[in-house]
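Peer 1: Before I ask anything, let me first share the structure, which is written out below as structure tokens.
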Amino acid sequence: MDSTVVKIAPSILSADFARLGEEVRAIDRAGCDYVHVDVMDGHFVPNLTIGPGVVAAIRPYTDKPLDVHLMIAPADPYLEAFAAAGGDILTVHVEAGPHVHRSLQKIKSLGKRAGVSLNPGTPESTLLHLLDTVDLILVMTVNPGFGGQSFITSQLQKIRRIREMIGSRAIDLEVDGGINNETAGEVIAAGADVLVAGNAVFTGPDYGETIAGLRAAATSAQVRSRAYTA
Ligand code: DX5
Ligand code: ZN
């Protein structure tokens, strides 16, 4: 992996929904790399959040990529709408339907970056035949549905294995759930290079400081793990 670049993707699930546009602008100015948008349907996950209309509404507030995490089943009927709304990365779950490969092809045909996500109970082997089709792999380190949950440590081994599976491919390895300065270091050392953080960013007083703190924790974990493996 390119061991110098770590991306920070604040999840707007923990933002103030009444001021969503301003919140997106604030994390943009605070130095985020992606804006992570959690879409939930009350069916695939036990919570309801936002749809393509809200994605379109926040689009003018940032030029950073909108990283749209689709926790919906089925996903395929909505891919065009999220692409048209301005999503840049569209991520579907392998557990969301029988035809994840078709979903990824559809996302690519819409001119978007295609992501695939795994719930904590899903093994990395489900990615084996998707590696040449995806731009991003999202490992859930909580059971999806809510912000503010505790990091599930068993996922570190999965992250390490997926990093090996990726090899030299240009695929983002993103981690989502329970990320703070401590767990950031652990997932980066395991091979992740994109950190989603909801509560950690939006409950702090200064988004810029929190994002910089996560980046610093990630970078020092990279340096330590490089020294260890050298
Ligand atoms: C969980 C979502 C996450 C979540 C992360 O279902 O996919 O993006 O909001 O929130 P924190 O960082 O608070 O665990
Ligand atoms: Zn998410």
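By convention here, the chains of the structure tokens are called A, B, ... in the order presented, each chain's residues are numbered starting at 1, and ligands are numbered starting at 1 in the order presented.
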Would you name the residues within 6 Å of ligand 1, counting only C-alpha atoms and all ligand atoms, and put them as number ranges by chain?
Peer 2: A: 11, 13, 38, 144-149, 176-179, 197-200
Peer 1: Filtering to C-alpha atoms, could you give me those residues as an mmCIF file, in the first residue's frame?
Peer 2:
```
data_model
loop_
_atom_site.group_PDB
_atom_site.id
_atom_site.type_symbol
_atom_site.label_atom_id
_atom_site.label_comp_id
_atom_site.auth_asym_id
_atom_site.auth_seq_id
_atom_site.Cartn_x
_atom_site.Cartn_y
_atom_site.Cartn_z
ATOM 1 C CA SER A 11 -19.702 10.191 8.885
ATOM 2 C CA LEU A 13 -24.697 10.327 10.632
ATOM 3 C CA ASP A 38 -24.777 6.552 5.781
ATOM 4 C CA PRO A 144 -24.224 -1.306 11.003
ATOM 5 C CA GLY A 145 -27.189 0.814 12.003
ATOM 6 C CA PHE A 146 -26.025 3.300 14.591
ATOM 7 C CA GLY A 147 -23.173 5.627 15.386
ATOM 8 C CA GLY A 148 -21.352 5.581 18.700
ATOM 9 C CA GLN A 149 -20.920 1.806 19.092
ATOM 10 C CA ASP A 176 -16.166 2.072 9.695
ATOM 11 C CA GLY A 177 -17.362 1.932 13.293
ATOM 12 C CA GLY A 178 -15.925 2.853 16.663
ATOM 13 C CA ILE A 179 -12.928 4.704 15.252
ATOM 14 C CA ALA A 197 -15.398 8.495 12.039
ATOM 15 C CA GLY A 198 -18.788 9.740 13.135
ATOM 16 C CA ASN A 199 -18.987 10.358 16.848
ATOM 17 C CA ALA A 200 -15.272 11.024 17.203
#
```
Peer 1: Do you know which residues are at most 8 Å from Leu214 in chain A counting only C-alpha atoms, after dropping those on the same chain fewer than 6 positions away, and could you put them as a list in words?
Peer 2: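 Answer for this query is Ile8, Asn180, Asn181 and Ala184 of chain A.
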Peer 1: Please identify which residues in chain A DSSP calls alpha helix (DSSP H) from the backbone, and express them as a VMD selection string.
Peer 2: chain A and resid 20 to 29 52 to 58 79 to 84 100 to 109 155 to 166 181 to 190 199 to 202 207 to 229
Peer 1: Using only C-alpha atoms and all ligand atoms for the distances, tell me which of A:Asn143, A:Thr153, A:Ser109, A:Thr122 is nearest to ligand 2.
Peer 2: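 So, comparing all the options, the nearest one is A:Asn143.
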Peer 1: Neighbours of ligand 2 within 12 Å, counting only C-alpha atoms and all ligand atoms, as number ranges by chain?
Peer 2: A: 9-14, 34-40, 45, 49, 66-72, 90-93, 115-119, 137-148, 174-179, 194-199
Peer 1: Distance CA of Phe151 in chain A-CA of Phe44 in chain A, one decimal place?
Peer 2: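 Between CA of Phe151 in chain A and CA of Phe44 in chain A the gap works out to 20.3 Å.
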Peer 1: Report, in Å to a single decimal, how far apart CA of Ile188 in chain A and CA of Ala227 in chain A are.
Peer 2: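 Going from CA of Ala227 in chain A over to CA of Ile188 in chain A covers 13.8 Å.
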Peer 1: Please identify which residues in range 24-173 of chain A DSSP calls strand (DSSP E) from the backbone, and express them as a VMD selection string.
Peer 2: chain A and resid 35 to 40 66 to 71 89 to 93 113 to 118 136 to 140 172 to 173
Peer 1: Applying 9 Å and only C-alpha atoms, which residues near range 50-54 of chain A remain after dropping the ones on its own chain fewer than 5 positions away? List them as a PDB file with C-alpha atoms, in the first residue's frame.
Peer 2:
```
ATOM      1  CA  VAL A  37     -22.951   9.354   3.955  1.00  0.00           C
ATOM      2  CA  ASP A  38     -24.777   6.552   5.781  1.00  0.00           C
ATOM      3  CA  VAL A  39     -27.936   5.473   3.987  1.00  0.00           C
ATOM      4  CA  MET A  40     -30.197   3.134   5.991  1.00  0.00           C
ATOM      5  CA  ASP A  41     -33.522   1.603   5.047  1.00  0.00           C
ATOM      6  CA  ARG A  59     -23.737  18.148  -2.804  1.00  0.00           C
ATOM      7  CA  TYR A  78     -31.574   3.058  -6.091  1.00  0.00           C
ATOM      8  CA  ALA A  81     -30.705   7.905  -8.058  1.00  0.00           C
ATOM      9  CA  PHE A  82     -27.678   8.089  -5.740  1.00  0.00           C
ATOM     10  CA  ALA A  83     -25.367   8.524  -8.732  1.00  0.00           C
ATOM     11  CA  ALA A  84     -27.546  11.324 -10.134  1.00  0.00           C
ATOM     12  CA  ALA A  85     -27.681  12.944  -6.690  1.00  0.00           C
ATOM     13  CA  GLY A  86     -23.913  13.389  -6.785  1.00  0.00           C
ATOM     14  CA  GLY A  87     -22.480  10.375  -4.955  1.00  0.00           C
TER      15      GLY A  87
END
```
Peer 1: Could you tell me which of A:Arg160, A:Ala170, A:Ala189, A:Leu110 comes closest to Glu124 in chain A if we count only C-alpha atoms?
Peer 2: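 Under the stated criterion, the closest residue is A:Arg160.
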Peer 1: Check the smallest atom-to-atom distance from each of A:Lys112, A:Ala190, A:Thr133, A:Gln157 to Arg169 in chain A using only C-alpha atoms, then report the winner.
Peer 2: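 Of A:Lys112, A:Ala190, A:Thr133, A:Gln157, the one nearest Arg169 in chain A, counting only C-alpha atoms, is A:Thr133.
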Peer 1: Please report the interatomic distance between CA of Ser150 in chain A and CA of Gly204 in chain A in Å with one decimal.
Peer 2: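 Between CA of Ser150 in chain A and CA of Gly204 in chain A the gap works out to 17.3 Å.
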Peer 1: My list of candidates is A:Glu23, A:Gly111, A:Ile171, A:Leu136. Which is closest to Phe202 in chain A when distances are computed with only C-alpha atoms?
Peer 2: A:Glu23
Peer 1: Within 12 Å of Ser168 in chain A, counting only C-alpha atoms, which residues show up once you throw out same-chain ones fewer than 3 positions away? Write them as a count of residues only, please.
Peer 2: 10
Peer 1: Would you pick out the contacts of Val24 in chain A at 9 Å or less, using only C-alpha atoms, so that residues sharing its chain but fewer than 4 positions from it are not included, and give the list as a list of chain:residue names?
Peer 2: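 The filter keeps A:Ile12, A:Ala15, A:Arg19, A:Leu20, A:Asp28, A:Arg29, A:Val35, A:Ile58, A:Arg59, A:Tyr61, A:Thr62.
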Peer 1: Could you write those residues out with C-alpha atoms, as a compact mmCIF listing (two decimals), in the first residue's frame?
Peer 2:
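Result went into part13.txt, see below:
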```txt
# COMPACT_ATOMS: atom_id res chain seq x y z
CA ILE A 12 -22.46 12.79 8.78
CA ALA A 15 -23.83 15.57 12.42
CA ARG A 19 -27.80 22.11 9.82
CA LEU A 20 -26.54 19.41 7.49
CA ASP A 28 -14.70 20.07 4.32
CA ARG A 29 -12.92 23.13 5.73
CA VAL A 35 -17.67 12.88 3.26
CA ILE A 58 -25.61 18.50 0.51
CA ARG A 59 -23.74 18.15 -2.80
CA TYR A 61 -21.56 22.22 0.17
CA THR A 62 -18.34 20.39 -0.70
```
Peer 1: Here is a test: counting only C-alpha atoms, which residue of A:Glu95, A:Asp33, A:Glu182, A:Asp88 is nearest to Val55 in chain A?
Peer 2: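 Answer, going by the shortest atom-to-atom distance: A:Asp88.
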Peer 1: From the options A:Leu48, A:Ile27, A:Ile107, A:Ala18, which residue's atoms come nearest to Val201 in chain A, counting only C-alpha atoms?
Peer 2: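 For Val201 in chain A, the nearest of the candidates is A:Ile27.
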